[in-house]
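Okay, so here's the structure we're looking at.
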Amino acid sequence: MTQIAIPSPATDVRVTLPSPAVPAAASGGADGQTLIYAATETPFAFVPHTDPGAADALAARARDAFETGPWRVMPAAGRASVMRRIGALILEHAEELAHLQTLETSIPLAQARGMHVPRTAENFGFFADMLASLSGESYEQSGAYLAIVTREPVGTALLIAPWNAPLILSSMKLAAALALGNSVIVKPSEYAPLAVLRMVELIHQAGVPEGVVQVACGPGAGIGRALVQHPDIDAIGFIGGTATGRRIMTDAAASLKKVGLELGGKSANIIHRSADIERAVDGSLMAIFAGNGEQCLAGSRILVDAPIADRFIEAFTARAAKLRIGDPFDAHTEIGPMAFKAHYDRLLAFAGTAQTDPAYKVLTGARAAPGFEAGYCFAPTVVETHDNMTELCQQELFGPFAVIQRVDDLEDAIARANQSEFGLAAYIWADDLPTVMRARRQLRAGTIWVNTPMARDLRAPFGGYKQSGIGRDGLPGSIELFTEEKSTLIPNAPLTLPKLGVGS
Ligand code: NAD
């Protein structure tokens, strides 16, 4: 383990870099990822890549742990108590996990500490509680048979996570798959593996048996793809971009794996004339600027009703322009730098489009944040346009970049909201109940947030329509992905069966 100082003037906290929890054979020598702290562009860690050739060893270990180890056959109460221990250890190590995640993602520490780490712990607690209420089904209507339907773990599950909220997202899948008795291999993003590696060390410390949870580090094209294609992986829980999701589904098809895909979004945020405008401004700022705007569920396409448009746009833009940008370890920072250079450069290119294409009017931002000598600091951006089919309204930009359109009425808002290849979430701000009810029915998205940004209830499914995914997180989608259903038929009385093969 290596002790490092966090390269931020705002803190002298030291964290312990986790060692990659992969089999010795799996670490890839000189091949690996140098992680760069985005606020200062300082390299701070090197994480070896798992060699793609290690996929066999990882899958075999997972299979062996599943088939011969104690986890799958452990009574549910035993698994639940280990899951609770994991949640407790995560809270005990909250500071360290939050610091690691902030180092590698530049999500402000206050958000990592206040929201990401507690939710990560809650994910384990939630699925521990779920175990107590899992039930099967039985049918006896046929009169002749009792048919019972039970669920069993799917076996070996590969969980692939993106870089933008590594703890919450990987733990959501991990907690579900683990609680249900599977063996798992976690593949964090090559850009943000550290907090996940540390979390997996805590999972081992909590008493999860050998081989049940393993980690593979490296790029998608290397170890990621090798595991996706591996015949001994039974299910894949993927969270990431839509193009990657398509590739994974294609690769997984050869061995007919179960696949759950949580993909990109370009979520509409409708501000209706009946809305409480101040609350709508507060919520819309959170919806696009929390988590540095690097969120699948960001309310990035704001559709504001004509009669209130000037008022809303003026207030929203003024507040966006005043967001505090900078060192993510500073308690006052509201927007940290973009997580890594390629991503920052992509946002600058979109900013260039906004500045030069007459389809857009830049209201604030659309450039590098002024006043920073180093760091991938992007100015919070608000752009207005009339055309929902423009690039900035249709592409997922994945940053602090809001695009506003004025709409004639609710019908226009709903039509534009649905005019997207994505369908992850939609927001509506309205105090008129029939408006809310109509929007709820007609919006084509997996989650509708009414007068609230980004609330989650883990009992409720979360996932996307259209190109935003297949399957759902939460319940019951996790059960669907990480278990197999089994029907057992038992006759009520000894059967008189036809006698085959008795003829002469
Ligand atoms: P990405 O698709 O580039 O990568 C995601 C993960 O997939 C990484 O771990 C990567 O290494 C791996 N990967 C890439 N190619 C692979 C392959 N061929 N085989 C196996 N693994 C492969 O996404 P990203 O840039 O890390 O994350 C941003 C994207 O994730 C955005 O589109 C965002 O909307 C989406 N996202 C979706 C949700 C959701 O719940 N719907 C949540 C967070 C992020």
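Labels for the structure tokens follow display order: chains A, B, ..., residues from 1 in each chain, ligands from 1.
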_List the spatial neighbours of Ala195 in chain A as a list in words - criterion: any atom at most 6 Å away, only C-alpha atoms, same-chain residues fewer than 6 positions off excluded._
Leu97, Leu100 and Gln101 of chain A
For the selection you just gave me, I'd like the residues written to a file as an mmCIF file, in the first residue's frame, keeping all heavy atoms.
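Okay, selection10.cif is ready:
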data_model
loop_
_atom_site.group_PDB
_atom_site.id
_atom_site.type_symbol
_atom_site.label_atom_id
_atom_site.label_comp_id
_atom_site.auth_asym_id
_atom_site.auth_seq_id
_atom_site.Cartn_x
_atom_site.Cartn_y
_atom_site.Cartn_z
ATOM 1 N N LEU A 97 -12.964 7.040 1.879
ATOM 2 C CA LEU A 97 -13.624 6.732 0.603
ATOM 3 C C LEU A 97 -13.988 8.019 -0.137
ATOM 4 O O LEU A 97 -13.812 8.122 -1.352
ATOM 5 C CB LEU A 97 -14.880 5.882 0.847
ATOM 6 C CG LEU A 97 -14.600 4.445 1.282
ATOM 7 C CD1 LEU A 97 -15.877 3.789 1.813
ATOM 8 C CD2 LEU A 97 -14.039 3.626 0.121
ATOM 9 N N LEU A 100 -10.847 9.525 -1.646
ATOM 10 C CA LEU A 100 -10.399 8.796 -2.846
ATOM 11 C C LEU A 100 -11.277 9.145 -4.042
ATOM 12 O O LEU A 100 -10.785 9.396 -5.142
ATOM 13 C CB LEU A 100 -10.454 7.277 -2.595
ATOM 14 C CG LEU A 100 -9.306 6.692 -1.792
ATOM 15 C CD1 LEU A 100 -9.595 5.232 -1.441
ATOM 16 C CD2 LEU A 100 -7.993 6.784 -2.565
ATOM 17 N N GLN A 101 -12.593 9.137 -3.814
ATOM 18 C CA GLN A 101 -13.485 9.412 -4.942
ATOM 19 C C GLN A 101 -13.306 10.844 -5.449
ATOM 20 O O GLN A 101 -13.347 11.102 -6.657
ATOM 21 C CB GLN A 101 -14.941 9.140 -4.561
ATOM 22 C CG GLN A 101 -15.844 9.256 -5.789
ATOM 23 C CD GLN A 101 -17.294 8.987 -5.520
ATOM 24 O OE1 GLN A 101 -17.729 7.867 -5.539
ATOM 25 N NE2 GLN A 101 -18.055 10.042 -5.290
#
Non-local contacts of Lys466 in chain A (10 Å; only C-alpha atoms; under 3 positions in same chain excluded) as a PDB file with N, CA, C and O atoms, in the first residue's frame:
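As a result, out_29.pdb now contains:
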ATOM      1  N   LEU A 263     -27.819   3.155 -19.257  1.00  0.00           N
ATOM      2  CA  LEU A 263     -27.023   3.900 -20.244  1.00  0.00           C
ATOM      3  C   LEU A 263     -27.227   5.410 -20.134  1.00  0.00           C
ATOM      4  O   LEU A 263     -27.624   5.919 -19.105  1.00  0.00           O
ATOM      5  N   GLY A 265     -28.270   9.512 -21.015  1.00  0.00           N
ATOM      6  CA  GLY A 265     -29.530  10.241 -20.943  1.00  0.00           C
ATOM      7  C   GLY A 265     -29.392  11.658 -21.471  1.00  0.00           C
ATOM      8  O   GLY A 265     -28.274  12.161 -21.673  1.00  0.00           O
ATOM      9  N   SER A 420     -36.270  12.529 -28.486  1.00  0.00           N
ATOM     10  CA  SER A 420     -34.902  12.224 -28.068  1.00  0.00           C
ATOM     11  C   SER A 420     -34.706  10.722 -28.180  1.00  0.00           C
ATOM     12  O   SER A 420     -35.643   9.951 -27.949  1.00  0.00           O
ATOM     13  N   GLU A 421     -33.476  10.314 -28.513  1.00  0.00           N
ATOM     14  CA  GLU A 421     -33.240   8.859 -28.556  1.00  0.00           C
ATOM     15  C   GLU A 421     -33.182   8.287 -27.139  1.00  0.00           C
ATOM     16  O   GLU A 421     -33.261   7.086 -26.942  1.00  0.00           O
ATOM     17  N   PHE A 422     -33.004   9.170 -26.138  1.00  0.00           N
ATOM     18  CA  PHE A 422     -32.876   8.708 -24.754  1.00  0.00           C
ATOM     19  C   PHE A 422     -34.221   8.753 -24.037  1.00  0.00           C
ATOM     20  O   PHE A 422     -35.131   9.458 -24.470  1.00  0.00           O
ATOM     21  N   GLY A 423     -34.299   8.066 -22.921  1.00  0.00           N
ATOM     22  CA  GLY A 423     -35.517   8.095 -22.113  1.00  0.00           C
ATOM     23  C   GLY A 423     -35.221   7.654 -20.688  1.00  0.00           C
ATOM     24  O   GLY A 423     -35.880   6.782 -20.133  1.00  0.00           O
ATOM     25  N   LEU A 424     -34.172   8.286 -20.100  1.00  0.00           N
ATOM     26  CA  LEU A 424     -33.778   7.842 -18.754  1.00  0.00           C
ATOM     27  C   LEU A 424     -34.687   8.460 -17.696  1.00  0.00           C
ATOM     28  O   LEU A 424     -35.270   7.757 -16.881  1.00  0.00           O
ATOM     29  N   ARG A 444     -42.006   9.772 -22.029  1.00  0.00           N
ATOM     30  CA  ARG A 444     -41.435   8.441 -22.291  1.00  0.00           C
ATOM     31  C   ARG A 444     -40.069   8.337 -21.609  1.00  0.00           C
ATOM     32  O   ARG A 444     -39.023   8.508 -22.231  1.00  0.00           O
ATOM     33  N   ALA A 445     -40.102   8.105 -20.311  1.00  0.00           N
ATOM     34  CA  ALA A 445     -38.855   8.006 -19.542  1.00  0.00           C
ATOM     35  C   ALA A 445     -39.085   7.075 -18.354  1.00  0.00           C
ATOM     36  O   ALA A 445     -40.204   6.937 -17.860  1.00  0.00           O
ATOM     37  N   GLY A 446     -38.003   6.465 -17.889  1.00  0.00           N
ATOM     38  CA  GLY A 446     -38.105   5.468 -16.822  1.00  0.00           C
ATOM     39  C   GLY A 446     -38.405   6.053 -15.455  1.00  0.00           C
ATOM     40  O   GLY A 446     -38.957   5.377 -14.593  1.00  0.00           O
ATOM     41  N   GLY A 469     -31.353   2.282 -21.996  1.00  0.00           N
ATOM     42  CA  GLY A 469     -31.036   1.040 -21.312  1.00  0.00           C
ATOM     43  C   GLY A 469     -32.047  -0.066 -21.460  1.00  0.00           C
ATOM     44  O   GLY A 469     -33.099   0.085 -22.065  1.00  0.00           O
ATOM     45  N   ILE A 470     -31.650  -1.181 -20.829  1.00  0.00           N
ATOM     46  CA  ILE A 470     -32.511  -2.363 -20.782  1.00  0.00           C
ATOM     47  C   ILE A 470     -32.457  -2.865 -19.351  1.00  0.00           C
ATOM     48  O   ILE A 470     -31.376  -3.022 -18.789  1.00  0.00           O
TER      49      ILE A 470
END
Counting only C-alpha atoms, which residues in range 123-240 of chain A sit no more than 8 Å from range 67-81 of chain A? For each one, give the nearest pair of atoms and the distance in Å, sorted by chain then residue number, as a tab-separated table.
residue	atom	partner	partner_atom	distance
A:Phe127	CA	A:Ala80	CA	7.8
A:Ala128	CA	A:Ala80	CA	4.3
A:Asp129	CA	A:Ala80	CA	7.0
A:Leu131	CA	A:Ala76	CA	6.1
A:Ala132	CA	A:Ala76	CA	7.2
A:Pro153	CA	A:Arg72	CA	7.5
A:Ala179	CA	A:Arg79	CA	6.4
A:Leu180	CA	A:Arg72	CA	7.9
A:Gly181	CA	A:Arg72	CA	4.4
A:Asn182	CA	A:Arg72	CA	6.4
A:Val208	CA	A:Trp71	CA	7.6
A:Pro209	CA	A:Trp71	CA	6.7
A:Val212	CA	A:Trp71	CA	7.5
*asked:* Taking the DSSP secondary structure from the backbone, can you list the residues of range 238-432 of chain A that are strand (DSSP E or B), as a ChimeraX atom specification?
replied: /A:238-239,258-262,268-271,301-305,325,335,360-364,368,378,381-385,401-407,422-423,425-429
*Return as a PyMOL selection string the full set of residues in range 180-394 of chain A whose backbone-based DSSP assignment is alpha helix (DSSP H).*
chain A and resi 194-205+225-228+242-253+277-289+306-321+341-356+391-394
*6 Å contact set for range 231-239 of chain A, only C-alpha atoms, chain neighbours under 5 positions out, as a list of chain:residue names*: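 The residues that qualify are A:Ala59, A:Thr156, A:Ala157, A:Leu158, A:Leu159, A:Ile160, A:Ala161, A:Ser255, A:Lys257, A:Lys258, A:Val259, A:Gly260, A:Leu261, A:Glu262, A:Leu263.
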Can you write out the residues you just picked, keeping N, CA and C atoms, as a PDB file, in the first residue's frame?
ATOM      1  N   ALA A  59     -12.634 -15.673 -13.915  1.00  0.00           N
ATOM      2  CA  ALA A  59     -13.930 -16.350 -14.085  1.00  0.00           C
ATOM      3  C   ALA A  59     -13.920 -17.700 -13.368  1.00  0.00           C
ATOM      4  N   THR A 156     -22.273 -16.319 -11.777  1.00  0.00           N
ATOM      5  CA  THR A 156     -21.159 -15.364 -11.783  1.00  0.00           C
ATOM      6  C   THR A 156     -21.617 -14.105 -12.506  1.00  0.00           C
ATOM      7  N   ALA A 157     -21.420 -12.980 -11.859  1.00  0.00           N
ATOM      8  CA  ALA A 157     -21.902 -11.723 -12.442  1.00  0.00           C
ATOM      9  C   ALA A 157     -20.733 -10.757 -12.640  1.00  0.00           C
ATOM     10  N   LEU A 158     -20.692 -10.167 -13.820  1.00  0.00           N
ATOM     11  CA  LEU A 158     -19.697  -9.134 -14.116  1.00  0.00           C
ATOM     12  C   LEU A 158     -20.378  -7.782 -13.987  1.00  0.00           C
ATOM     13  N   LEU A 159     -19.800  -6.895 -13.174  1.00  0.00           N
ATOM     14  CA  LEU A 159     -20.398  -5.574 -12.940  1.00  0.00           C
ATOM     15  C   LEU A 159     -19.436  -4.521 -13.460  1.00  0.00           C
ATOM     16  N   ILE A 160     -19.876  -3.774 -14.451  1.00  0.00           N
ATOM     17  CA  ILE A 160     -19.004  -2.784 -15.092  1.00  0.00           C
ATOM     18  C   ILE A 160     -19.513  -1.382 -14.755  1.00  0.00           C
ATOM     19  N   ALA A 161     -18.622  -0.549 -14.225  1.00  0.00           N
ATOM     20  CA  ALA A 161     -19.051   0.771 -13.725  1.00  0.00           C
ATOM     21  C   ALA A 161     -18.388   1.905 -14.500  1.00  0.00           C
ATOM     22  N   SER A 255     -22.644 -15.861 -25.982  1.00  0.00           N
ATOM     23  CA  SER A 255     -22.857 -16.876 -24.950  1.00  0.00           C
ATOM     24  C   SER A 255     -24.183 -16.640 -24.217  1.00  0.00           C
ATOM     25  N   LYS A 257     -25.654 -14.345 -22.455  1.00  0.00           N
ATOM     26  CA  LYS A 257     -25.661 -13.916 -21.054  1.00  0.00           C
ATOM     27  C   LYS A 257     -26.864 -13.015 -20.801  1.00  0.00           C
ATOM     28  N   LYS A 258     -27.315 -13.026 -19.563  1.00  0.00           N
ATOM     29  CA  LYS A 258     -28.290 -12.008 -19.167  1.00  0.00           C
ATOM     30  C   LYS A 258     -27.558 -10.671 -19.097  1.00  0.00           C
ATOM     31  N   VAL A 259     -28.175  -9.622 -19.603  1.00  0.00           N
ATOM     32  CA  VAL A 259     -27.514  -8.319 -19.624  1.00  0.00           C
ATOM     33  C   VAL A 259     -28.474  -7.245 -19.106  1.00  0.00           C
ATOM     34  N   GLY A 260     -28.012  -6.442 -18.162  1.00  0.00           N
ATOM     35  CA  GLY A 260     -28.763  -5.266 -17.720  1.00  0.00           C
ATOM     36  C   GLY A 260     -27.947  -4.042 -18.098  1.00  0.00           C
ATOM     37  N   LEU A 261     -28.561  -3.086 -18.778  1.00  0.00           N
ATOM     38  CA  LEU A 261     -27.817  -1.926 -19.274  1.00  0.00           C
ATOM     39  C   LEU A 261     -28.425  -0.640 -18.732  1.00  0.00           C
ATOM     40  N   GLU A 262     -27.625   0.116 -17.984  1.00  0.00           N
ATOM     41  CA  GLU A 262     -28.029   1.464 -17.522  1.00  0.00           C
ATOM     42  C   GLU A 262     -27.187   2.440 -18.317  1.00  0.00           C
ATOM     43  N   LEU A 263     -27.819   3.155 -19.257  1.00  0.00           N
ATOM     44  CA  LEU A 263     -27.023   3.900 -20.244  1.00  0.00           C
ATOM     45  C   LEU A 263     -27.227   5.410 -20.134  1.00  0.00           C
TER      46      LEU A 263
END
*Contact residues around Ile223 in chain A with only C-alpha atoms at 9 Å, ignoring same-chain residues under 4 positions, as a list of chain:residue names*: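 Returned residues: A:His49, A:Thr50, A:Asp51, A:Pro52, A:Gly53, A:Ala54, A:Ala55, A:Lys187, A:Ala216, A:Cys217, A:Gly218, A:Pro219, A:Leu227, A:Val228.
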*Could you report the residues within 7 Å of ligand 1, using only C-alpha atoms and all ligand atoms, as a ChimeraX atom specification?*
/A:160-165,169,187-190,218-221,224-225,228,239-245,247-248,262-265,295-297,396,398,424,463-464,468-469
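Here the question is which of A:Asn418, A:Gln205, A:Ser171, A:Asn451 gets nearest to Leu433 in chain A using only C-alpha atoms, and that residue is A:Asn451.
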*Go through A:Phe340, A:Gly136, A:Ser142, A:Ala38 and flag the residue nearest Ile490 in chain A, using only C-alpha atoms for the distances.*
A:Ser142
Close residues, range 112-118 of chain A itself excluded, 8 Å, only C-alpha atoms, min 2 positions apart in chain, as a compact mmCIF listing (two decimals) with all heavy atoms, in the first residue's frame:
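The resulting file, out-v9.txt, is shown below:
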# COMPACT_ATOMS: atom_id res chain seq x y z
N ILE A 90 -18.17 0.80 5.60
CA ILE A 90 -18.13 1.92 4.65
C ILE A 90 -18.33 3.24 5.40
O ILE A 90 -17.61 4.22 5.16
CB ILE A 90 -19.19 1.71 3.54
CG1 ILE A 90 -18.69 0.62 2.59
CG2 ILE A 90 -19.49 3.01 2.78
CD1 ILE A 90 -19.69 0.14 1.59
N LEU A 91 -19.26 3.25 6.34
CA LEU A 91 -19.47 4.48 7.11
C LEU A 91 -18.26 4.80 7.99
O LEU A 91 -17.87 5.95 8.14
CB LEU A 91 -20.74 4.38 7.93
CG LEU A 91 -22.04 4.36 7.10
CD1 LEU A 91 -23.26 4.24 8.00
CD2 LEU A 91 -22.16 5.60 6.21
N ALA A 94 -15.73 6.48 5.90
CA ALA A 94 -16.38 7.44 5.00
C ALA A 94 -15.41 8.50 4.49
O ALA A 94 -15.38 8.82 3.29
CB ALA A 94 -17.55 8.10 5.72
N GLU A 95 -14.60 9.04 5.39
CA GLU A 95 -13.69 10.12 4.98
C GLU A 95 -12.72 9.65 3.91
O GLU A 95 -12.49 10.31 2.90
CB GLU A 95 -12.89 10.63 6.18
CG GLU A 95 -13.57 11.74 6.95
CD GLU A 95 -14.05 12.90 6.09
OE1 GLU A 95 -13.21 13.67 5.59
OE2 GLU A 95 -15.26 13.04 5.90
N LEU A 97 -12.96 7.04 1.88
CA LEU A 97 -13.62 6.73 0.60
C LEU A 97 -13.99 8.02 -0.14
O LEU A 97 -13.81 8.12 -1.35
CB LEU A 97 -14.88 5.88 0.85
CG LEU A 97 -14.60 4.44 1.28
CD1 LEU A 97 -15.88 3.79 1.81
CD2 LEU A 97 -14.04 3.63 0.12
N ALA A 98 -14.50 8.99 0.61
CA ALA A 98 -14.90 10.26 -0.02
C ALA A 98 -13.66 10.94 -0.62
O ALA A 98 -13.72 11.47 -1.74
CB ALA A 98 -15.57 11.17 1.00
N HIS A 99 -12.54 10.92 0.11
CA HIS A 99 -11.32 11.55 -0.41
C HIS A 99 -10.84 10.85 -1.68
O HIS A 99 -10.44 11.50 -2.64
CB HIS A 99 -10.23 11.55 0.66
CG HIS A 99 -10.34 12.69 1.62
ND1 HIS A 99 -11.27 12.71 2.64
CD2 HIS A 99 -9.67 13.86 1.71
CE1 HIS A 99 -11.17 13.85 3.31
NE2 HIS A 99 -10.21 14.56 2.77
N GLN A 101 -12.59 9.14 -3.81
CA GLN A 101 -13.49 9.41 -4.94
C GLN A 101 -13.31 10.84 -5.45
O GLN A 101 -13.35 11.10 -6.66
CB GLN A 101 -14.94 9.14 -4.56
CG GLN A 101 -15.84 9.26 -5.79
CD GLN A 101 -17.29 8.99 -5.52
OE1 GLN A 101 -17.73 7.87 -5.54
NE2 GLN A 101 -18.05 10.04 -5.29
N THR A 102 -13.09 11.77 -4.54
CA THR A 102 -12.90 13.16 -4.97
C THR A 102 -11.59 13.31 -5.75
O THR A 102 -11.52 14.00 -6.75
CB THR A 102 -12.95 14.11 -3.76
OG1 THR A 102 -14.28 14.06 -3.25
CG2 THR A 102 -12.63 15.55 -4.14
N ILE A 107 -15.42 15.24 -8.07
CA ILE A 107 -16.72 15.60 -7.51
C ILE A 107 -16.45 16.27 -6.16
O ILE A 107 -15.66 15.74 -5.37
CB ILE A 107 -17.58 14.34 -7.27
CG1 ILE A 107 -17.96 13.72 -8.61
CG2 ILE A 107 -18.83 14.66 -6.46
CD1 ILE A 107 -18.54 12.35 -8.48
N PRO A 108 -17.05 17.44 -5.89
CA PRO A 108 -16.73 18.11 -4.63
C PRO A 108 -16.84 17.18 -3.42
O PRO A 108 -17.78 16.38 -3.32
CB PRO A 108 -17.77 19.24 -4.58
CG PRO A 108 -18.05 19.54 -6.02
CD PRO A 108 -17.99 18.20 -6.73
N LEU A 109 -15.86 17.30 -2.54
CA LEU A 109 -15.79 16.43 -1.36
C LEU A 109 -17.09 16.50 -0.55
O LEU A 109 -17.56 15.49 -0.03
CB LEU A 109 -14.61 16.84 -0.48
CG LEU A 109 -14.39 15.98 0.75
CD1 LEU A 109 -13.99 14.56 0.37
CD2 LEU A 109 -13.32 16.59 1.66
N ALA A 110 -17.67 17.69 -0.47
CA ALA A 110 -18.89 17.83 0.33
C ALA A 110 -19.99 16.91 -0.23
O ALA A 110 -20.77 16.32 0.53
CB ALA A 110 -19.36 19.28 0.31
N THR A 120 -23.89 4.73 -0.62
CA THR A 120 -23.17 3.48 -0.88
C THR A 120 -23.42 2.51 0.28
O THR A 120 -23.74 1.34 0.07
CB THR A 120 -21.66 3.78 -1.05
OG1 THR A 120 -21.53 4.67 -2.16
CG2 THR A 120 -20.86 2.53 -1.30
N ALA A 121 -23.30 3.03 1.50
CA ALA A 121 -23.57 2.17 2.67
C ALA A 121 -25.02 1.71 2.67
O ALA A 121 -25.33 0.54 2.94
CB ALA A 121 -23.25 2.94 3.95
N GLU A 122 -25.91 2.63 2.33
CA GLU A 122 -27.35 2.30 2.33
C GLU A 122 -27.66 1.21 1.31
O GLU A 122 -28.55 0.37 1.53
CB GLU A 122 -28.15 3.57 2.01
CG GLU A 122 -29.65 3.42 2.18
CD GLU A 122 -30.42 4.58 1.55
OE1 GLU A 122 -29.85 5.69 1.42
OE2 GLU A 122 -31.59 4.36 1.18
N ALA A 165 -19.70 8.35 -10.88
CA ALA A 165 -20.11 8.23 -9.47
C ALA A 165 -19.77 6.81 -9.05
O ALA A 165 -20.64 5.99 -8.81
CB ALA A 165 -21.60 8.50 -9.32
N LEU A 167 -18.65 5.03 -6.52
CA LEU A 167 -19.07 4.29 -5.32
C LEU A 167 -20.55 3.93 -5.37
O LEU A 167 -20.92 2.77 -5.21
CB LEU A 167 -18.78 5.13 -4.07
CG LEU A 167 -17.33 5.16 -3.61
CD1 LEU A 167 -17.15 6.17 -2.49
CD2 LEU A 167 -16.85 3.78 -3.15
N ILE A 168 -21.38 4.92 -5.61
CA ILE A 168 -22.83 4.65 -5.61
C ILE A 168 -23.19 3.64 -6.68
O ILE A 168 -23.93 2.69 -6.44
CB ILE A 168 -23.63 5.95 -5.88
CG1 ILE A 168 -23.60 6.86 -4.66
CG2 ILE A 168 -25.06 5.64 -6.28
CD1 ILE A 168 -24.45 8.11 -4.80
_Spatial neighbours of Met389 in chain A, max dist 10 Å, only C-alpha atoms, sep filter under 3 positions, as a list in words_ =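 So, after excluding close chain neighbours, the residues are Thr385, His386, Leu392, Cys393, Gln394, Gln395, Arg416, Gln419 and Ser420 of chain A.
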Non-local contacts of Ala144 in chain A (8 Å; only C-alpha atoms; under 5 positions in same chain excluded) as a CSV table (one decimal) with all heavy atoms, in the first residue's frame:
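Writing done, so here's selection_26.csv:
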chain,number,residue,atom,x,y,z
A,491,PRO,N,-46.7,-33.8,-8.1
A,491,PRO,CA,-48.1,-34.2,-8.2
A,491,PRO,C,-48.7,-34.3,-6.8
A,491,PRO,O,-48.0,-34.7,-5.8
A,491,PRO,CB,-48.0,-35.6,-8.8
A,491,PRO,CG,-46.6,-36.0,-8.8
A,491,PRO,CD,-45.7,-34.8,-8.5
A,492,ASN,N,-50.0,-34.1,-6.7
A,492,ASN,CA,-50.6,-34.1,-5.4
A,492,ASN,C,-50.8,-35.6,-4.9
A,492,ASN,O,-51.0,-35.8,-3.7
A,492,ASN,CB,-52.0,-33.5,-5.4
A,492,ASN,CG,-51.8,-32.0,-5.5
A,492,ASN,OD1,-50.9,-31.4,-5.0
A,492,ASN,ND2,-52.7,-31.3,-6.3
A,493,ALA,N,-50.9,-36.5,-5.8
A,493,ALA,CA,-51.0,-37.9,-5.5
A,493,ALA,C,-50.2,-38.7,-6.5
A,493,ALA,O,-50.0,-38.2,-7.6
A,493,ALA,CB,-52.5,-38.3,-5.6
